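Novice: Take a look at upload-v3.pdb, PDB, C-alpha atoms and all ligand atoms:
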ATOM      1  CA  MET A   1       7.682 -68.615  40.590
ATOM      2  CA  ALA A   2       4.808 -66.597  39.038
ATOM      3  CA  GLU A   3       2.782 -69.357  37.327
ATOM      4  CA  PRO A   4       1.051 -67.887  34.269
ATOM      5  CA  ASN A   5      -2.695 -67.542  34.527
ATOM      6  CA  PRO A   6      -4.237 -69.874  31.883
ATOM      7  CA  ALA A   7      -6.053 -66.832  30.418
ATOM      8  CA  SER A   8      -2.800 -64.869  30.070
ATOM      9  CA  GLY A   9      -1.883 -66.272  26.660
ATOM     10  CA  LEU A  10       1.256 -67.909  28.074
ATOM     11  CA  SER A  11       1.892 -71.426  29.223
ATOM     12  CA  LEU A  12       4.851 -72.819  31.090
ATOM     13  CA  SER A  13       6.398 -76.248  31.512
ATOM     14  CA  ILE A  14       9.628 -77.260  33.175
ATOM     15  CA  GLU A  15      11.861 -80.059  31.870
ATOM     16  CA  GLY A  16      14.792 -80.547  34.217
ATOM     17  CA  ALA A  17      16.752 -77.291  34.304
ATOM     18  CA  VAL A  18      14.954 -75.846  31.261
ATOM     19  CA  ALA A  19      11.733 -73.799  31.431
ATOM     20  CA  ILE A  20       9.647 -73.788  28.260
ATOM     21  CA  ILE A  21       7.370 -70.821  27.680
ATOM     22  CA  ARG A  22       4.748 -71.102  24.966
ATOM     23  CA  LEU A  23       2.964 -68.088  23.513
ATOM     24  CA  SER A  24      -0.509 -69.621  23.542
ATOM     25  CA  ARG A  25      -2.864 -67.344  21.702
ATOM     26  CA  PRO A  26      -2.915 -69.014  18.284
ATOM     27  CA  ALA A  27      -6.330 -67.625  17.266
ATOM     28  CA  LYS A  28      -4.717 -64.149  17.307
ATOM     29  CA  ARG A  29      -1.418 -65.461  15.926
ATOM     30  CA  ASN A  30       0.132 -65.002  19.383
ATOM     31  CA  ALA A  31      -0.217 -61.214  19.121
ATOM     32  CA  LEU A  32       1.207 -59.763  22.334
ATOM     33  CA  SER A  33      -1.381 -58.184  24.615
ATOM     34  CA  GLU A  34      -0.305 -56.058  27.571
ATOM     35  CA  THR A  35      -1.223 -58.997  29.815
ATOM     36  CA  MET A  36       1.158 -61.289  27.904
ATOM     37  CA  VAL A  37       4.003 -58.780  28.056
ATOM     38  CA  ALA A  38       3.481 -58.310  31.817
ATOM     39  CA  GLY A  39       3.251 -62.102  32.183
ATOM     40  CA  LEU A  40       6.608 -62.551  30.430
ATOM     41  CA  ARG A  41       8.165 -59.932  32.713
ATOM     42  CA  ASP A  42       6.818 -61.644  35.846
ATOM     43  CA  LEU A  43       7.896 -65.100  34.702
ATOM     44  CA  PHE A  44      11.463 -64.052  33.913
ATOM     45  CA  ALA A  45      11.731 -62.109  37.174
ATOM     46  CA  SER A  46      10.726 -65.085  39.281
ATOM     47  CA  PHE A  47      12.330 -68.279  37.993
ATOM     48  CA  PRO A  48      13.755 -70.370  40.836
ATOM     49  CA  THR A  49      17.489 -71.091  40.708
ATOM     50  CA  SER A  50      16.702 -74.648  39.520
ATOM     51  CA  VAL A  51      15.741 -73.082  36.150
ATOM     52  CA  ARG A  52      19.022 -72.547  34.323
ATOM     53  CA  ALA A  53      17.860 -71.876  30.726
ATOM     54  CA  VAL A  54      14.630 -70.933  28.976
ATOM     55  CA  VAL A  55      13.055 -71.780  25.616
ATOM     56  CA  ILE A  56      10.313 -69.566  24.130
ATOM     57  CA  HIS A  57       8.151 -70.785  21.272
ATOM     58  CA  GLY A  58       4.739 -70.111  19.758
ATOM     59  CA  GLU A  59       1.632 -72.282  19.452
ATOM     60  CA  GLY A  60      -0.052 -72.698  16.058
ATOM     61  CA  GLU A  61       1.151 -71.567  12.658
ATOM     62  CA  HIS A  62       3.167 -68.540  13.763
ATOM     63  CA  PHE A  63       5.679 -67.510  16.409
ATOM     64  CA  CYS A  64       4.173 -64.078  17.014
ATOM     65  CA  ALA A  65       2.244 -61.394  15.078
ATOM     66  CA  GLY A  66       3.645 -58.581  17.227
ATOM     67  CA  LEU A  67       1.760 -56.013  19.209
ATOM     68  CA  ASP A  68      -1.932 -56.731  19.715
ATOM     69  CA  LEU A  69      -3.215 -54.001  17.418
ATOM     70  CA  SER A  70      -6.673 -54.115  19.027
ATOM     71  CA  GLU A  71      -5.081 -52.421  22.069
ATOM     72  CA  VAL A  72      -3.660 -49.510  20.055
ATOM     73  CA  GLY A  73      -6.866 -47.715  19.042
ATOM     74  CA  GLY A  74      -8.696 -45.245  21.238
ATOM     75  CA  GLU A  75      -8.101 -41.611  22.064
ATOM     76  CA  PRO A  76      -4.596 -40.156  21.555
ATOM     77  CA  ASP A  77      -2.566 -40.535  24.769
ATOM     78  CA  LEU A  78       1.066 -39.507  24.450
ATOM     79  CA  ALA A  79       2.075 -40.288  28.036
ATOM     80  CA  GLY A  80       0.215 -43.613  27.950
ATOM     81  CA  GLY A  81       2.031 -44.575  24.737
ATOM     82  CA  ILE A  82       5.425 -43.852  26.274
ATOM     83  CA  ALA A  83       4.513 -45.871  29.384
ATOM     84  CA  HIS A  84       3.364 -48.742  27.151
ATOM     85  CA  SER A  85       6.699 -48.820  25.338
ATOM     86  CA  LEU A  86       8.638 -48.603  28.616
ATOM     87  CA  GLY A  87       6.593 -51.545  29.911
ATOM     88  CA  TRP A  88       7.761 -53.647  26.942
ATOM     89  CA  HIS A  89      11.328 -52.487  27.579
ATOM     90  CA  ARG A  90      11.162 -53.671  31.207
ATOM     91  CA  ALA A  91       9.794 -57.058  30.186
ATOM     92  CA  PHE A  92      12.313 -57.622  27.406
ATOM     93  CA  GLN A  93      15.211 -56.431  29.609
ATOM     94  CA  GLU A  94      14.260 -59.193  32.054
ATOM     95  CA  ILE A  95      14.755 -61.580  29.134
ATOM     96  CA  GLU A  96      17.988 -60.165  27.721
ATOM     97  CA  PHE A  97      19.639 -59.300  31.028
ATOM     98  CA  GLY A  98      18.198 -61.929  33.331
ATOM     99  CA  ARG A  99      20.028 -64.799  34.992
ATOM    100  CA  VAL A 100      19.500 -67.449  32.332
ATOM    101  CA  PRO A 101      20.243 -67.938  28.630
ATOM    102  CA  VAL A 102      17.121 -67.725  26.481
ATOM    103  CA  PHE A 103      16.503 -69.668  23.253
ATOM    104  CA  SER A 104      13.674 -68.704  20.891
ATOM    105  CA  VAL A 105      12.150 -71.034  18.296
ATOM    106  CA  LEU A 106      10.850 -69.072  15.326
ATOM    107  CA  HIS A 107       8.325 -70.302  12.777
ATOM    108  CA  GLY A 108       5.749 -68.601  10.569
ATOM    109  CA  ALA A 109       5.346 -64.888  11.306
ATOM    110  CA  VAL A 110       8.124 -63.330  13.367
ATOM    111  CA  VAL A 111       6.883 -59.806  12.926
ATOM    112  CA  GLY A 112       6.893 -56.450  14.649
ATOM    113  CA  GLY A 113       6.946 -56.996  18.392
ATOM    114  CA  GLY A 114       7.447 -60.710  17.724
ATOM    115  CA  PHE A 115      10.783 -59.934  16.074
ATOM    116  CA  GLU A 116      11.531 -57.566  18.977
ATOM    117  CA  LEU A 117      10.843 -60.390  21.444
ATOM    118  CA  ALA A 118      13.045 -62.782  19.478
ATOM    119  CA  ALA A 119      15.808 -60.149  19.411
ATOM    120  CA  ALA A 120      15.751 -60.007  23.217
ATOM    121  CA  SER A 121      16.533 -63.728  23.396
ATOM    122  CA  HIS A 122      20.140 -64.857  23.128
ATOM    123  CA  ILE A 123      19.882 -67.679  20.608
ATOM    124  CA  ARG A 124      17.351 -67.639  17.773
ATOM    125  CA  ILE A 125      16.519 -70.883  15.980
ATOM    126  CA  ALA A 126      14.466 -70.269  12.831
ATOM    127  CA  GLU A 127      12.510 -73.009  11.112
ATOM    128  CA  ARG A 128      12.255 -72.780   7.310
ATOM    129  CA  SER A 129       8.653 -71.525   7.513
ATOM    130  CA  ALA A 130       9.717 -68.410   9.446
ATOM    131  CA  PHE A 131       9.417 -64.988   7.867
ATOM    132  CA  PHE A 132      10.562 -61.763   9.429
ATOM    133  CA  ALA A 133       8.913 -58.369   8.952
ATOM    134  CA  LEU A 134       8.543 -54.989  10.610
ATOM    135  CA  PRO A 135       5.040 -53.899   9.556
ATOM    136  CA  GLU A 136       5.160 -50.917  11.921
ATOM    137  CA  GLY A 137       5.992 -48.807   8.881
ATOM    138  CA  GLN A 138       2.775 -49.890   7.162
ATOM    139  CA  ARG A 139       0.672 -49.422  10.330
ATOM    140  CA  GLY A 140       1.858 -45.824  10.840
ATOM    141  CA  ILE A 141       3.644 -46.669  14.062
ATOM    142  CA  PHE A 142       7.224 -47.401  15.148
ATOM    143  CA  LEU A 143       9.173 -50.055  16.981
ATOM    144  CA  GLY A 144       8.429 -49.839  20.712
ATOM    145  CA  GLY A 145       9.740 -53.007  22.322
ATOM    146  CA  GLY A 146      13.432 -52.186  22.165
ATOM    147  CA  GLY A 147      13.652 -53.311  18.540
ATOM    148  CA  SER A 148      15.254 -50.130  17.261
ATOM    149  CA  VAL A 149      18.170 -50.833  19.612
ATOM    150  CA  ARG A 150      18.401 -54.616  19.281
ATOM    151  CA  ILE A 151      17.425 -55.412  15.694
ATOM    152  CA  PRO A 152      19.962 -53.103  13.963
ATOM    153  CA  ARG A 153      22.659 -54.764  16.096
ATOM    154  CA  LEU A 154      21.670 -58.058  14.483
ATOM    155  CA  ILE A 155      21.012 -57.093  10.870
ATOM    156  CA  GLY A 156      22.199 -53.477  10.533
ATOM    157  CA  VAL A 157      20.374 -50.162  10.143
ATOM    158  CA  PRO A 158      20.080 -50.288   6.294
ATOM    159  CA  LEU A 159      18.125 -53.552   6.284
ATOM    160  CA  VAL A 160      15.880 -52.392   9.146
ATOM    161  CA  GLN A 161      15.203 -49.205   7.165
ATOM    162  CA  ASP A 162      14.370 -51.267   4.071
ATOM    163  CA  MET A 163      11.989 -53.500   6.047
ATOM    164  CA  MET A 164      10.249 -50.541   7.680
ATOM    165  CA  LEU A 165      10.114 -48.217   4.676
ATOM    166  CA  THR A 166       9.094 -50.774   2.060
ATOM    167  CA  GLY A 167       7.406 -53.516   4.088
ATOM    168  CA  ARG A 168       9.994 -56.040   2.916
ATOM    169  CA  SER A 169       9.709 -59.494   4.525
ATOM    170  CA  LEU A 170      12.771 -61.697   4.922
ATOM    171  CA  SER A 171      12.614 -65.429   4.374
ATOM    172  CA  ALA A 172      14.203 -67.602   7.029
ATOM    173  CA  GLU A 173      17.158 -68.121   4.734
ATOM    174  CA  GLU A 174      17.596 -64.376   4.130
ATOM    175  CA  ALA A 175      17.231 -63.727   7.860
ATOM    176  CA  ARG A 176      19.920 -66.306   8.610
ATOM    177  CA  GLY A 177      22.251 -64.669   6.092
ATOM    178  CA  ALA A 178      21.556 -61.234   7.558
ATOM    179  CA  GLY A 179      22.301 -62.342  11.125
ATOM    180  CA  ALA A 180      18.750 -62.386  12.511
ATOM    181  CA  CYS A 181      19.134 -65.951  13.757
ATOM    182  CA  GLN A 182      22.013 -68.291  14.564
ATOM    183  CA  TYR A 183      20.322 -71.519  13.367
ATOM    184  CA  LEU A 184      18.131 -72.441  10.408
ATOM    185  CA  VAL A 185      16.429 -75.825  10.681
ATOM    186  CA  ASP A 186      13.662 -77.862   9.084
ATOM    187  CA  ASP A 187      10.055 -77.218  10.053
ATOM    188  CA  GLY A 188       8.996 -78.970  13.220
ATOM    189  CA  THR A 189      12.543 -79.535  14.484
ATOM    190  CA  GLY A 190      13.287 -76.206  16.174
ATOM    191  CA  LEU A 191      11.824 -76.953  19.594
ATOM    192  CA  ALA A 192      13.779 -80.180  20.029
ATOM    193  CA  LEU A 193      17.002 -78.425  19.024
ATOM    194  CA  ALA A 194      16.252 -75.504  21.354
ATOM    195  CA  LYS A 195      15.698 -77.869  24.287
ATOM    196  CA  GLN A 196      18.924 -79.697  23.497
ATOM    197  CA  LEU A 197      20.959 -76.472  23.236
ATOM    198  CA  ALA A 198      19.292 -74.986  26.318
ATOM    199  CA  ALA A 199      20.186 -78.084  28.331
ATOM    200  CA  LYS A 200      23.817 -77.667  27.229
ATOM    201  CA  ALA A 201      23.862 -73.996  28.244
ATOM    202  CA  ALA A 202      22.178 -74.911  31.538
ATOM    203  CA  GLY A 203      25.173 -77.138  32.269
ATOM    204  CA  ASN A 204      27.685 -74.269  32.042
ATOM    205  CA  ALA A 205      29.265 -72.722  35.105
ATOM    206  CA  ASP A 206      27.069 -69.936  36.528
ATOM    207  CA  MET A 207      29.819 -67.339  36.228
ATOM    208  CA  THR A 208      30.405 -68.185  32.561
ATOM    209  CA  ASN A 209      26.721 -67.712  31.744
ATOM    210  CA  PHE A 210      26.689 -64.485  33.753
ATOM    211  CA  ALA A 211      29.699 -63.216  31.781
ATOM    212  CA  VAL A 212      28.207 -64.187  28.422
ATOM    213  CA  ILE A 213      24.806 -62.619  29.164
ATOM    214  CA  HIS A 214      25.885 -59.501  31.057
ATOM    215  CA  ALA A 215      29.506 -58.709  30.315
ATOM    216  CA  LEU A 216      30.008 -59.744  26.681
ATOM    217  CA  PRO A 217      27.381 -57.494  25.033
ATOM    218  CA  ARG A 218      28.452 -54.525  27.151
ATOM    219  CA  ILE A 219      32.136 -55.101  26.430
ATOM    220  CA  ALA A 220      31.389 -55.355  22.704
ATOM    221  CA  GLU A 221      29.730 -51.922  22.783
ATOM    222  CA  ALA A 222      32.132 -50.234  25.191
ATOM    223  CA  ASP A 223      35.073 -48.021  24.431
ATOM    224  CA  PRO A 224      37.836 -50.606  23.791
ATOM    225  CA  SER A 225      39.980 -49.481  26.730
ATOM    226  CA  ILE A 226      37.027 -50.019  29.101
ATOM    227  CA  GLY A 227      36.205 -53.236  27.261
ATOM    228  CA  TYR A 228      39.682 -54.689  27.743
ATOM    229  CA  LEU A 229      39.693 -53.783  31.422
ATOM    230  CA  THR A 230      36.208 -55.247  31.972
ATOM    231  CA  GLU A 231      37.250 -58.392  30.116
ATOM    232  CA  ALA A 232      40.313 -58.842  32.334
ATOM    233  CA  LEU A 233      38.209 -58.387  35.485
ATOM    234  CA  MET A 234      35.546 -60.779  34.212
ATOM    235  CA  ALA A 235      38.093 -63.363  33.065
ATOM    236  CA  SER A 236      39.819 -63.423  36.430
ATOM    237  CA  THR A 237      36.486 -63.599  38.282
ATOM    238  CA  ALA A 238      35.358 -66.565  36.188
ATOM    239  CA  GLN A 239      38.609 -68.519  36.271
ATOM    240  CA  ASN A 240      38.967 -68.136  40.029
ATOM    241  CA  MET A 241      35.595 -69.726  40.758
ATOM    242  CA  PRO A 242      35.988 -73.236  42.258
ATOM    243  CA  GLU A 243      33.863 -74.662  39.446
ATOM    244  CA  ALA A 244      36.275 -73.341  36.819
ATOM    245  CA  LYS A 245      39.253 -74.773  38.697
ATOM    246  CA  ALA A 246      37.502 -78.168  38.829
ATOM    247  CA  ARG A 247      36.566 -78.087  35.130
ATOM    248  CA  VAL A 248      40.119 -77.234  34.062
ATOM    249  CA  ARG A 249      41.511 -79.994  36.331
ATOM    250  CA  ASP A 250      39.064 -82.440  34.713
ATOM    251  CA  PHE A 251      40.367 -81.564  31.263
ATOM    252  CA  LEU A 252      44.011 -81.833  32.265
ATOM    253  CA  SER A 253      43.402 -85.242  33.797
ATOM    254  CA  LYS A 254      41.549 -86.374  30.648
ATOM    255  CA  ARG A 255      38.134 -86.617  32.354
ATOM    256  CA  ALA A 256      36.483 -83.850  30.279
ATOM    257  CA  ALA A 257      35.238 -83.970  26.696
ATOM    258  CA  LYS A 258      37.493 -82.584  23.960
ATOM    259  CA  VAL A 259      36.256 -79.831  21.643
ATOM    260  CA  ALA A 260      34.132 -81.482  18.952
ATOM    261  CA  ARG A 261      34.608 -80.875  15.249
ATOM    262  CA  PRO A 262      31.531 -79.330  13.547
ATOM    263  CA  ASP A 263      28.945 -81.895  12.312
TER     264      ASP A 263
HETATM  265  C1  LIG B 301      -4.160 -59.788  15.185
HETATM  266  C2  LIG B 301      -2.795 -59.490  14.947
HETATM  267  C3  LIG B 301      -2.210 -58.416  15.675
HETATM  268  C4  LIG B 301      -3.357 -61.153  13.683
HETATM  269  N1  LIG B 301      -2.994 -57.767  16.548
HETATM  270  N2  LIG B 301      -4.876 -59.094  16.053
HETATM  271  N3  LIG B 301       1.622 -56.680  13.645
HETATM  272  C5  LIG B 301       1.175 -56.734  12.394
HETATM  273  O1  LIG B 301       0.931 -55.761  11.747
HETATM  274  C6  LIG B 301       0.917 -58.125  11.866
HETATM  275  C7  LIG B 301      -0.559 -58.300  11.560
HETATM  276  N4  LIG B 301      -0.895 -59.686  11.259
HETATM  277  C8  LIG B 301      -0.721 -60.222  10.031
HETATM  278  O2  LIG B 301      -0.166 -59.649   9.114
HETATM  279  C9  LIG B 301      -1.236 -61.610   9.847
HETATM  280  O3  LIG B 301      -2.233 -61.855  10.848
HETATM  281  C10 LIG B 301      -0.164 -62.726   9.962
HETATM  282  C11 LIG B 301       0.748 -62.668   8.726
HETATM  283  C12 LIG B 301       0.645 -62.608  11.234
HETATM  284  C13 LIG B 301      -0.855 -64.110  10.015
HETATM  285  O4  LIG B 301      -1.758 -64.240   8.910
HETATM  286  P1  LIG B 301      -2.920 -65.355   8.956
HETATM  287  O5  LIG B 301      -3.589 -65.355   7.634
HETATM  288  O6  LIG B 301      -2.358 -66.636   9.486
HETATM  289  O7  LIG B 301      -3.936 -64.852  10.126
HETATM  290  P2  LIG B 301      -5.062 -63.715  10.048
HETATM  291  O8  LIG B 301      -6.313 -64.271   9.441
HETATM  292  O9  LIG B 301      -4.538 -62.459   9.476
HETATM  293  O10 LIG B 301      -5.300 -63.415  11.606
HETATM  294  C14 LIG B 301      -6.050 -64.292  12.442
HETATM  295  C15 LIG B 301      -6.671 -63.429  13.521
HETATM  296  O11 LIG B 301      -5.641 -62.839  14.327
HETATM  297  C16 LIG B 301      -7.471 -62.264  12.954
HETATM  298  O12 LIG B 301      -8.518 -61.971  13.858
HETATM  299  P3  LIG B 301     -10.035 -62.523  13.583
HETATM  300  O13 LIG B 301     -10.810 -61.954  14.735
HETATM  301  O14 LIG B 301     -10.419 -61.995  12.223
HETATM  302  O15 LIG B 301      -9.933 -64.026  13.604
HETATM  303  C17 LIG B 301      -6.482 -61.112  13.006
HETATM  304  O16 LIG B 301      -7.106 -59.844  13.065
HETATM  305  C18 LIG B 301      -5.776 -61.429  14.312
HETATM  306  N5  LIG B 301      -4.461 -60.807  14.377
HETATM  307  N6  LIG B 301      -2.325 -60.338  14.004
HETATM  308  C19 LIG B 301      -4.287 -58.112  16.718
HETATM  309  N7  LIG B 301      -0.925 -58.080  15.543
HETATM  310  C20 LIG B 301       5.857 -52.558  21.090
HETATM  311  S1  LIG B 301       5.569 -51.947  19.546
HETATM  312  C21 LIG B 301       5.402 -53.307  18.493
HETATM  313  C22 LIG B 301       4.776 -52.828  17.238
HETATM  314  C23 LIG B 301       4.250 -53.950  16.408
HETATM  315  O17 LIG B 301       4.363 -55.113  16.733
HETATM  316  S2  LIG B 301       3.465 -53.473  14.982
HETATM  317  C24 LIG B 301       3.184 -54.944  14.129
HETATM  318  C25 LIG B 301       1.814 -55.477  14.386
END
Take the structure in this file and express it as structure tokens.

Specialist:
Amino acid sequence: MAEPNPASGLSLSIEGAVAIIRLSRPAKRNALSETMVAGLRDLFASFPTSVRAVVIHGEGEHFCAGLDLSEVGGEPDLAGGIAHSLGWHRAFQEIEFGRVPVFSVLHGAVVGGGFELAAASHIRIAERSAFFALPEGQRGIFLGGGGSVRIPRLIGVPLVQDMMLTGRSLSAEEARGAGACQYLVDDGTGLALAKQLAAKAAGNADMTNFAVIHALPRIAEADPSIGYLTEALMASTAQNMPEAKARVRDFLSKRAAKVARPD
């Protein structure tokens, strides 16, 4: 596994089957430098199979202030700008379409590239202090980390346009209502919940997690006739794995937990 260099602005710890990545550049509000983005890519590309879920969170008062704006100045460089954006895409694709489910814990600023990073994770847990913004509009730039693909899928094009054209920030509660996150929790409780949920997801059958990460989002976007076919192929693949057979047998012989009612 590519251990992050302590100067990279990332730190890593492993708790059982769950890897915890901390954005560790609080003095710059965890703004994402190129080194941090490359570090995220390398980490996600190299987890050993013992890591079965990942939690990402931010040190200090904020999750992430987005792109490190100090790296944007300089002479105009069209090709360099495209390569920069493609580099973010590669890193965030490793997150969204890697082997493991990814849980992000959001507090304070979740802005610009920070929102793009969160959108590449599968489950977003916002604490009440979180606020979401896309200040690219105000900075004269545009989304570049895959956010124009991922964020409208969460909250819709009209709200993204509002945030970018007017600089509107969303409170955690508004973001929850709009679909930006699946959970809204009290301040200081997000990391514990993320670890708990990640441990649950880590306990799923491998083929189920593969299907949820790789097949489900593609099926949802596919032409329905291709979607139904892919679903049938995926369903049969999953249910014919020995682990699925064993889990179903466990339920039928009353050894497995029943579905719980919501708390
Ligand atoms: C930064 C950055 C940054 C803070 N790049 N240095 N993102 C933005 O436009 C967000 C810009 N940041 C802010 O609006 C605020 O910093 C926050 C609301 C996130 C936090 O406010 P606060 O009062 O806690 O912190 P601060 O005093 O503003 O910032 C502390 C330091 O971090 C300060 O540096 P210092 O040397 O004066 O101590 C800030 O300059 C620095 N800092 N944010 C660089 N983003 C792939 S395309 C993605 C496109 C984008 O992400 S655009 C959105 C960029």

Novice: Find, counting all atoms listed in the file, the residue in A:His89, A:Val149, A:Leu191, A:Asp162 that gets nearest to Arg22 of chain A.

Specialist: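 Closest residue, counting all atoms listed in the file: A:Leu191.
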
Novice: Mind running chain A against ligand LIG 301 (chain B) at 10 Å and telling me each contacting residue's nearest atom pair with the distance in Å (one decimal), counting only C-alpha atoms and all ligand atoms, chain and number ascending, as a tab-separated table?

Specialist:
residue	atom	partner	partner_atom	distance
A:Arg25	CA	B:LIG301	O11	9.1
A:Pro26	CA	B:LIG301	O11	7.8
A:Ala27	CA	B:LIG301	C15	5.6
A:Lys28	CA	B:LIG301	O11	3.4
A:Arg29	CA	B:LIG301	O11	5.2
A:Asn30	CA	B:LIG301	N6	7.5
A:Ala31	CA	B:LIG301	N7	4.8
A:Leu32	CA	B:LIG301	N7	7.3
A:Ser33	CA	B:LIG301	N1	8.2
A:Glu34	CA	B:LIG301	C20	9.6
A:Val37	CA	B:LIG301	C20	9.5
A:Gly60	CA	B:LIG301	O6	9.2
A:Glu61	CA	B:LIG301	O6	6.8
A:His62	CA	B:LIG301	C12	6.9
A:Phe63	CA	B:LIG301	C12	8.7
A:Cys64	CA	B:LIG301	C12	6.9
A:Ala65	CA	B:LIG301	C12	4.3
A:Gly66	CA	B:LIG301	O17	3.6
A:Leu67	CA	B:LIG301	O17	3.7
A:Asp68	CA	B:LIG301	N1	3.5
A:Leu69	CA	B:LIG301	N1	3.9
A:Ser70	CA	B:LIG301	C19	5.2
A:Glu71	CA	B:LIG301	C19	7.9
A:Val72	CA	B:LIG301	N1	9.0
A:Gly81	CA	B:LIG301	C20	9.6
A:His84	CA	B:LIG301	C20	7.6
A:Ser85	CA	B:LIG301	C20	5.7
A:Leu86	CA	B:LIG301	C20	8.9
A:Gly87	CA	B:LIG301	C20	8.9
A:Trp88	CA	B:LIG301	C20	6.2
A:His89	CA	B:LIG301	C20	8.5
A:Gly108	CA	B:LIG301	C12	7.9
A:Ala109	CA	B:LIG301	C12	5.2
A:Val110	CA	B:LIG301	C12	7.8
A:Val111	CA	B:LIG301	N3	6.2
A:Gly112	CA	B:LIG301	O17	3.5
A:Gly113	CA	B:LIG301	O17	3.6
A:Gly114	CA	B:LIG301	O17	6.5
A:Phe115	CA	B:LIG301	O17	8.1
A:Glu116	CA	B:LIG301	C21	7.5
A:Leu117	CA	B:LIG301	C20	9.3
A:Phe131	CA	B:LIG301	C11	9.0
A:Phe132	CA	B:LIG301	C11	9.9
A:Ala133	CA	B:LIG301	C24	8.4
A:Leu134	CA	B:LIG301	C24	6.4
A:Pro135	CA	B:LIG301	O1	5.0
A:Glu136	CA	B:LIG301	S2	4.3
A:Gly137	CA	B:LIG301	S2	8.1
A:Gln138	CA	B:LIG301	O1	7.7
A:Arg139	CA	B:LIG301	O1	6.5
A:Gly140	CA	B:LIG301	S2	8.8
A:Ile141	CA	B:LIG301	S2	6.9
A:Phe142	CA	B:LIG301	C22	6.3
A:Leu143	CA	B:LIG301	S1	4.8
A:Gly144	CA	B:LIG301	S1	3.7
A:Gly145	CA	B:LIG301	C20	4.1
A:Gly146	CA	B:LIG301	C20	7.7
A:Gly147	CA	B:LIG301	C20	8.2

Novice: Quick one: residues within 7 Å of segment 236-252 of chain A, all atoms listed in the file counted, chain neighbours fewer than 4 positions away excluded, as an MDAnalysis selection string?

Specialist: chainID A and resid 205 207:208 232 256

Novice: Name the residues that the PyMOL selection byres (((chain A and resi 182) around 6) and not hetatm) pulls out of this structure, and write them as a PyMOL selection string.

Specialist: chain A and resi 124+181+183

Novice: Export C-alpha atoms of the chosen residues as a PDB file, in the frame of the given file?

Specialist:
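File produced: again-v7.pdb:
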ATOM      1  CA  ARG A 124      17.351 -67.639  17.773  1.00  0.00           C
ATOM      2  CA  CYS A 181      19.134 -65.951  13.757  1.00  0.00           C
ATOM      3  CA  TYR A 183      20.322 -71.519  13.367  1.00  0.00           C
TER       4      TYR A 183
END

Novice: Contacts of Gly203 of chain A at 12 Å or less, counting only C-alpha atoms, minus same-chain residues fewer than 2 places along, as an MDAnalysis selection string?

Specialist: chainID A and resid 16:18 50:53 100:101 196:201 205:209 243 247

Novice: Counting all atoms listed in the file, write as an MDAnalysis selection string all protein and nucleic acid residues lying at most 8 Å from (13.6, -72.6, 19.2) in the file's frame.

Specialist: chainID A and resid 55:57 103:106 124:126 190:195

Novice: Just to be explicit: take each residue in the selection above, keep C-alpha atoms, and write the result as an mmCIF file, keeping the file's coordinate frame.

Specialist:
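See part-v9.cif below for the written result:
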data_model
loop_
_atom_site.group_PDB
_atom_site.id
_atom_site.type_symbol
_atom_site.label_atom_id
_atom_site.label_comp_id
_atom_site.auth_asym_id
_atom_site.auth_seq_id
_atom_site.Cartn_x
_atom_site.Cartn_y
_atom_site.Cartn_z
ATOM 1 C CA VAL A 55 13.055 -71.780 25.616
ATOM 2 C CA ILE A 56 10.313 -69.566 24.130
ATOM 3 C CA HIS A 57 8.151 -70.785 21.272
ATOM 4 C CA PHE A 103 16.503 -69.668 23.253
ATOM 5 C CA SER A 104 13.674 -68.704 20.891
ATOM 6 C CA VAL A 105 12.150 -71.034 18.296
ATOM 7 C CA LEU A 106 10.850 -69.072 15.326
ATOM 8 C CA ARG A 124 17.351 -67.639 17.773
ATOM 9 C CA ILE A 125 16.519 -70.883 15.980
ATOM 10 C CA ALA A 126 14.466 -70.269 12.831
ATOM 11 C CA GLY A 190 13.287 -76.206 16.174
ATOM 12 C CA LEU A 191 11.824 -76.953 19.594
ATOM 13 C CA ALA A 192 13.779 -80.180 20.029
ATOM 14 C CA LEU A 193 17.002 -78.425 19.024
ATOM 15 C CA ALA A 194 16.252 -75.504 21.354
ATOM 16 C CA LYS A 195 15.698 -77.869 24.287
#

Novice: What's the 10 Å shell around Ile219 of chain A, counting only C-alpha atoms, without same-chain residues fewer than 5 positions away, as a PyMOL selection string?

Specialist: chain A and resi 214+224-231

Novice: May I ask which of the residues A:Met36, A:Met234, A:Val212, A:Leu78 is the closest one to Ser11 of chain A, counting all atoms listed in the file?

Specialist: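 So, comparing all the options, the nearest one is A:Met36.
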
Novice: Would you pick out the contacts of Ser24 of chain A at 6 Å or less, using all atoms listed in the file, so that residues sharing its chain but fewer than 3 positions from it are not included, and give the list as a PyMOL selection string?

Specialist: chain A and resi 9-10+59

Novice: Include C-alpha atoms and write out the residues we just selected as a PDB file, in the coordinates of the input.

Specialist:
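Printed below is result23.pdb as written:
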ATOM      1  CA  GLY A   9      -1.883 -66.272  26.660  1.00  0.00           C
ATOM      2  CA  LEU A  10       1.256 -67.909  28.074  1.00  0.00           C
ATOM      3  CA  GLU A  59       1.632 -72.282  19.452  1.00  0.00           C
TER       4      GLU A  59
END

Novice: In Å, rounded to a single decimal, give me how far atom CA of Arg218 of chain A is from atom CA of Gly39 of chain A.

Specialist: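 So the two atoms, atom CA of Gly39 of chain A and atom CA of Arg218 of chain A, lie 26.8 Å apart.
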
Novice: Please provide the set of residues having any atom within 9 Å of Ser171 of chain A, restricted to only C-alpha atoms, with same-chain residues fewer than 3 positions apart removed, written as a list in words.

Specialist: Arg128, Ser129, Ala130, Phe131, Phe132, Glu174, Ala175 and Arg176 of chain A

Novice: Could you save those same residues with C-alpha atoms as a compact mmCIF listing (two decimals), in the coordinates of the input?

Specialist:
# COMPACT_ATOMS: atom_id res chain seq x y z
CA ARG A 128 12.26 -72.78 7.31
CA SER A 129 8.65 -71.53 7.51
CA ALA A 130 9.72 -68.41 9.45
CA PHE A 131 9.42 -64.99 7.87
CA PHE A 132 10.56 -61.76 9.43
CA GLU A 174 17.60 -64.38 4.13
CA ALA A 175 17.23 -63.73 7.86
CA ARG A 176 19.92 -66.31 8.61
